[in-house]
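Colleague: One structure, pasted below without further comment.
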Amino acid sequence: MSFDVSADSGEDAYNARVLLSDDPDDEPTLARLRADPRTEFIDRSADFDAALRALRPAVEADVLAEPMRWAHYPWRHAVMAVPAPRAFHRLRLDRNRNMITLGEQQRLAGLTIGVVGLSVGHAIAHTLAAQGLCGELRLADFDELELSNLNRVPATVFDIGVNKAVVAARRVAELDPYLTVRTMTDGLTMDTMGAFLDGLDIVVEECDSLDIKAAVREAARARRIPVLMASSDRGLIDVERYDLEPERPILHGLLGDIGVAELAGLSSTDKVPHVLRIIDAGRLSDRGAASLVEVGRTLSTWPQLAGDIAVGAATVAEAVRRIGLGERLPSGRVRIDVARALDGIEEPALPPEPVVSIPAEPTAHADSAPADAVAAAARRAPSGGNMQPWNIVSHNDSVIVELDPKYTSTMDVAYRASAVAIGAATFNARVAAAALGVLGPVTITEGDDPVPLRAVVELAEGHDDTLAALYGPMLERGTNRHRGTPAPLTAASVADLDAAARAEGGALRLLTDRADMERAAAILAATDRIRYLQPRLHAEMISEVRWPGDDDSDGLDIRGLELANADMATLDILRRGDVMARLAQWNAGAALGQDVTERVLSSSALGVVTVVGRTLTDYACAGAATEAVWIAAQQLGLGVQPVSPVFLYAHDDRDLDELAAEHVEELRDLQAQFRALTGTDTDEAQALVLRFSHAPSPSVRSRRRTAGRGTLG
């Protein structure tokens, strides 16, 4: 193989030699270097070790235990302490994550890439090495660095007169002493082409010779090696996937039928038409095209800028990443035109100014018909995502609350969440009827679509002083999502909440111990993560949120989420389905549960309203108990927020499969943990999870739909 191997001009001229202090073979070399007054030893091993130990996730113990090495750079007369290979790459490439994951980084480290032409190629080779996109680089260039190259080659005046391939290799070695780099300082010829290409995964061709350009492609095509090329004017990038298209014409067929031998025999003048076709002269920038006319007259050669070459290097790096990871990248060409992009500069979109809602007039006044007042009270009930899954109709002698399936969602398994809302609405209707002295019998019946559940509140002379006393507090009930102060609940408060649930046939399973709260927070955070990562659940969750200017007669007003400014900015990321899909692909996103964790841990207690039985009627009963507990909590000065774990309304694996097929096992385990933590019996249904906190008043109240206008609730 025709790579440089001599001590003076070969690998020692551009490769770092890595030495171990306790290796008998390396000790004499290290001793000799320490004795040489010209050689500087640099030891920052303590800093490296501290940085490694600070990484997240934590670095494996066996990686930390590997001894540090010494990297000798002869051309610098310096020896640098460096971590062992695995630790070095874990630390050096940590900031790549998750633009490139650890697993992807390992795959890319298996690539061997050749770069032909080390002016433009220098920037490309360094970028590939910096991003960890290969495990071996082969560099070929016969030319020596000149002062005029320093407008675009990231070298220094100390490198002038040194072979360009060696200059690039040294820079890579100083970046990563473990990366294998080989150079061909005689350049690429027909005789050395095979030795250079054999074993490569990708070729980056950046040479000036037209016949070598063609020869590289013919040889690469024969070996089914893809070829990439960056041309600096207007960011032109060429991709030739000979690995996928072994019969593809070289240079996209732009050369026509002319062969390598014929190209080599052409004069410089005769090559010009072919060069112009390759660079697509008609689409050159005006400065580039005008400069081409002046080459040989007022210009020595074709101009190139460092910025344009940097764009090309970045684009080639992305192409290498895609090829290496098997992502889509077809043959063809594209322009990454920075100048044209800047021509389209525009002002960024500013966030909308907050819209302050003007409270609607109550839909039922003191002089309204009793049926209208009762119906208005029913509409103030809570529901999942404030989607109000009901049709509420008032007659002279009754108010009917029907479950409307068109408002269902994935988490509303078999309409169970909707049944809870129907139960809460029916409770409100009973409270209003009692306050007006028209509380008659209440019947709840189950059916099939289009009305799976119906509640009828008959209006006739009837009184219930206990319910009537809740009329004012019921009208004031609302959701409070503020983080609170986790001050303990008094025994009297716990008793009042428990009594409210039992009065409606339910039970309140209350968690107040901090250790239990932390366990519950971890469970709820895990289910929140699943809700974000499952595409359908995520889309439905985001669809419930109303931004300023949206129709807010249903859904959740963004201001009511009580988010800090930083969290509001983050929400623009969390609402993106593509971001969630990427996190799911990485099996990441632990931070997605952070919000619910903080809210739960800022609470005084976490409660689950339960009821014996699992029919829709049972869930409606539990909904009434939930509303009673909610109102009682607000009377005690507590803020109340519902928390909805994904598994809440699932009865079995079939239900869990409908919710999130890819997370059935995890959801089953989380549900079992939560039911055990809250002491929920096997014959009980869980209606809703509520967090109770000592918190400031909510910023806004959710609105309600009516046949006419929205009402506050």
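Identifiers in this document derive from the order of the structure tokens: chains are assigned A, B, ..., residues are numbered from 1 separately in each chain, and ligands are numbered from 1 in order of occurrence.
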Residues near segment 58-64 of chain A, anyone? I mean within 7 Å using only C-alpha atoms, not counting same-chain ones fewer than 3 positions away, as a list of chain:residue names.
Modeller: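 My reading of the contact set: A:Leu52, A:Arg53, A:Leu55, A:Arg86, A:Ala87.
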Colleague: For the selection you just gave me, I'd like the residues written to a file as a PDB file, in the first residue's frame, keeping N, CA and C atoms.
Modeller:
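So selection.pdb came out as:
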ATOM      1  N   LEU A  52     -15.271  13.659  33.243  1.00  0.00           N
ATOM      2  CA  LEU A  52     -15.875  12.352  32.958  1.00  0.00           C
ATOM      3  C   LEU A  52     -16.898  11.977  34.016  1.00  0.00           C
ATOM      4  N   ARG A  53     -16.559  12.219  35.264  1.00  0.00           N
ATOM      5  CA  ARG A  53     -17.457  11.849  36.359  1.00  0.00           C
ATOM      6  C   ARG A  53     -18.695  12.735  36.414  1.00  0.00           C
ATOM      7  N   LEU A  55     -20.397  13.606  33.692  1.00  0.00           N
ATOM      8  CA  LEU A  55     -21.250  13.336  32.536  1.00  0.00           C
ATOM      9  C   LEU A  55     -22.534  12.638  32.941  1.00  0.00           C
ATOM     10  N   ARG A  86     -11.853   4.717  25.217  1.00  0.00           N
ATOM     11  CA  ARG A  86     -13.298   4.800  25.426  1.00  0.00           C
ATOM     12  C   ARG A  86     -13.680   6.047  26.210  1.00  0.00           C
ATOM     13  N   ALA A  87     -12.904   6.352  27.247  1.00  0.00           N
ATOM     14  CA  ALA A  87     -13.182   7.551  28.035  1.00  0.00           C
ATOM     15  C   ALA A  87     -12.961   8.815  27.209  1.00  0.00           C
TER      16      ALA A  87
END
Colleague: Which residues in segment 409-560 of chain A does DSSP call alpha helix (DSSP H)? List them as a ChimeraX atom specification.
Modeller: /A:416-435,465-468,471-476,491-503,514-533,535-543
Colleague: Near segment 647-663 of chain A, counting only C-alpha atoms, which residues have an atom at most 8 Å away, once you skip same-chain residues fewer than 4 positions from it, shown as a short mmCIF file (atom, residue, chain, number, x, y, z; two decimals) with C-alpha atoms, in the first residue's frame?
Modeller:
data_model
loop_
_atom_site.label_atom_id
_atom_site.label_comp_id
_atom_site.auth_asym_id
_atom_site.auth_seq_id
_atom_site.Cartn_x
_atom_site.Cartn_y
_atom_site.Cartn_z
CA THR A 410 -58.11 7.74 23.33
CA MET A 411 -57.72 8.09 27.11
CA ASP A 412 -61.52 8.05 27.49
CA VAL A 413 -61.49 4.25 27.40
CA ARG A 416 -65.40 5.93 31.30
CA ALA A 417 -63.86 9.40 31.61
CA THR A 527 -47.15 7.86 32.52
CA ILE A 530 -45.69 7.83 27.71
CA GLN A 534 -47.25 8.01 22.01
CA LEU A 537 -52.01 10.57 22.89
CA LEU A 667 -48.40 0.75 31.82
CA ARG A 668 -49.59 -2.48 33.43
CA GLN A 671 -51.03 0.86 37.14
CA GLN A 686 -60.59 4.86 40.00
CA ALA A 687 -62.48 7.92 38.77
CA LEU A 688 -59.95 10.72 39.02
#
Colleague: I'd like to know which residues of segment 33-262 of chain A are strand (DSSP E or B) (by DSSP, run on the backbone); could you write them as a count of residues only?
Modeller: 44
Colleague: So, with only C-alpha atoms as the atoms that count, which of A:Tyr532, A:Phe674, A:Tyr407, A:Trp302 lies closest to Ala588 of chain A?
Modeller: A:Tyr532
Colleague: Counting only C-alpha atoms, figure out which residue out of A:Ser409, A:Asn96, A:Asn386, A:Asn428 gets nearest to Val374 of chain A.
Modeller: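 Closest to Val374 of chain A of all the choices is A:Asn428.
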Colleague: When you look at Val204 of chain A with a cut-off of 12 Å (counting only C-alpha atoms), what residues show up, excluding the ones that are within fewer than 2 positions of it in the same chain? I need them as an mmCIF file with C-alpha atoms, in the first residue's frame.
Modeller:
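Saved the output as around-v6.cif:
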data_model
loop_
_atom_site.group_PDB
_atom_site.id
_atom_site.type_symbol
_atom_site.label_atom_id
_atom_site.label_comp_id
_atom_site.auth_asym_id
_atom_site.auth_seq_id
_atom_site.Cartn_x
_atom_site.Cartn_y
_atom_site.Cartn_z
ATOM 1 C CA THR A 112 -13.230 4.407 6.717
ATOM 2 C CA ILE A 113 -13.307 7.551 4.593
ATOM 3 C CA GLY A 114 -10.913 8.763 1.940
ATOM 4 C CA VAL A 115 -10.426 12.449 1.111
ATOM 5 C CA VAL A 116 -8.702 13.370 -2.149
ATOM 6 C CA GLY A 117 -7.480 16.978 -2.326
ATOM 7 C CA LEU A 118 -6.605 18.649 0.962
ATOM 8 C CA VAL A 120 -11.209 22.074 0.507
ATOM 9 C CA GLY A 121 -10.645 18.530 1.767
ATOM 10 C CA HIS A 122 -8.775 19.762 4.870
ATOM 11 C CA ALA A 123 -11.906 21.408 6.291
ATOM 12 C CA ILE A 124 -13.974 18.341 5.403
ATOM 13 C CA ALA A 125 -11.514 15.871 6.960
ATOM 14 C CA LEU A 128 -15.553 14.454 9.913
ATOM 15 C CA LEU A 137 -9.208 8.711 7.437
ATOM 16 C CA ARG A 138 -7.103 8.371 4.279
ATOM 17 C CA LEU A 139 -5.795 11.644 2.898
ATOM 18 C CA ALA A 140 -4.212 12.121 -0.527
ATOM 19 C CA LEU A 197 -9.755 3.065 -2.435
ATOM 20 C CA LEU A 200 -13.115 2.619 1.911
ATOM 21 C CA ASP A 201 -16.779 3.179 2.793
ATOM 22 C CA ILE A 202 -17.006 6.683 1.291
ATOM 23 C CA GLU A 206 -11.918 17.566 -3.884
ATOM 24 C CA CYS A 207 -9.011 17.540 -6.350
ATOM 25 C CA LYS A 213 -11.934 13.278 -10.783
ATOM 26 C CA VAL A 216 -11.665 8.263 -8.868
ATOM 27 C CA ARG A 217 -15.324 7.824 -9.757
ATOM 28 C CA ALA A 220 -15.152 3.904 -6.827
ATOM 29 C CA ILE A 225 -18.198 3.129 -3.030
ATOM 30 C CA PRO A 226 -20.304 6.335 -2.820
ATOM 31 C CA VAL A 227 -18.587 9.588 -3.806
ATOM 32 C CA LEU A 228 -19.249 13.049 -2.338
ATOM 33 C CA MET A 229 -17.986 16.403 -3.630
ATOM 34 C CA ALA A 230 -18.411 19.954 -2.361
ATOM 35 C CA SER A 231 -17.937 22.884 -4.756
ATOM 36 C CA ILE A 237 -22.908 19.428 -3.236
ATOM 37 C CA ASP A 238 -22.763 16.304 -5.406
ATOM 38 C CA VAL A 239 -23.788 12.849 -4.212
ATOM 39 C CA GLU A 240 -23.086 9.758 -6.317
ATOM 40 C CA GLY A 312 -19.462 22.479 2.149
ATOM 41 C CA ALA A 313 -17.715 20.671 4.997
ATOM 42 C CA THR A 315 -22.972 19.457 4.254
ATOM 43 C CA VAL A 316 -20.565 16.645 3.424
ATOM 44 C CA ALA A 317 -20.510 15.702 7.123
ATOM 45 C CA ALA A 319 -24.166 13.309 3.951
ATOM 46 C CA VAL A 320 -21.591 11.000 5.556
#
Colleague: Between A:Leu489, A:Ala381, A:Ala71, A:Leu571, which has the minimum distance to Gly423 of chain A (counting only C-alpha atoms)?
Modeller: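 Residue with the minimum atom-to-atom distance to Gly423 of chain A: A:Ala381.
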Colleague: Quick one: residues within 9 Å of Gly437 of chain A, only C-alpha atoms counted, chain neighbours fewer than 5 positions away excluded, as a list in words?
Modeller: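 Contacts, in chain order: Ala432, Leu459, Ala460, Glu461, Gly462, His463, Asp464 and Ala468 of chain A.
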Colleague: Near segment 190-192 of chain A, within 9 Å and counting only C-alpha atoms, which residues show up once chain neighbours fewer than 2 positions away are dropped, as a list in words?
Modeller: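 Contacts, in chain order: Met1, Ser2, Met184, Gly187, Leu188, Gly194, Ala195, Phe196, Leu197, Ile212, Ala215 and Val216 of chain A.
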Colleague: Find, counting only C-alpha atoms, the residue in A:Arg297, A:Arg17, A:Arg38, A:Arg559 that gets nearest to Met80 of chain A.
Modeller: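 Once distances to Met80 of chain A are computed over only C-alpha atoms, the minimum belongs to A:Arg17.
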Colleague: Which residues come within 9 Å of Leu108 of chain A, counting only C-alpha atoms, excluding same-chain residues fewer than 5 positions away, as a PyMOL selection string?
Modeller: chain A and resi 103+132-135+320-321+324-325
Colleague: Go ahead and compute the interatomic distance for atom CA of Ala377 of chain A and atom CA of Gln635 of chain A, in Å to one decimal.
Modeller: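 Separation of atom CA of Ala377 of chain A and atom CA of Gln635 of chain A: 17.7 Å.
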Colleague: When distances are computed from only C-alpha atoms, which of A:Val203, A:Ile631, A:Ala109, A:Val260 shows the smallest separation from Arg241 of chain A?
Modeller: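 When distances to Arg241 of chain A are compared using only C-alpha atoms, the smallest one comes from A:Val203.
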Colleague: Which one of A:Ala155, A:Ala632, A:Leu175, A:Ala503 sits closest to Gly478 of chain A if you count only C-alpha atoms?
Modeller: A:Ala632
Colleague: Using atom CA of Ser693 of chain A and atom CA of Ser602 of chain A as the two end points, give the distance in Å to one decimal.
Modeller: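 Atom-to-atom, atom CA of Ser693 of chain A to atom CA of Ser602 of chain A, that is 7.1 Å.
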Colleague: Kindly give the distance, in Å, that separates atom CA of Gln641 of chain A and atom CA of Arg481 of chain A, rounded to a single decimal.
Modeller: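 Between these atoms lies a distance of 5.6 Å.
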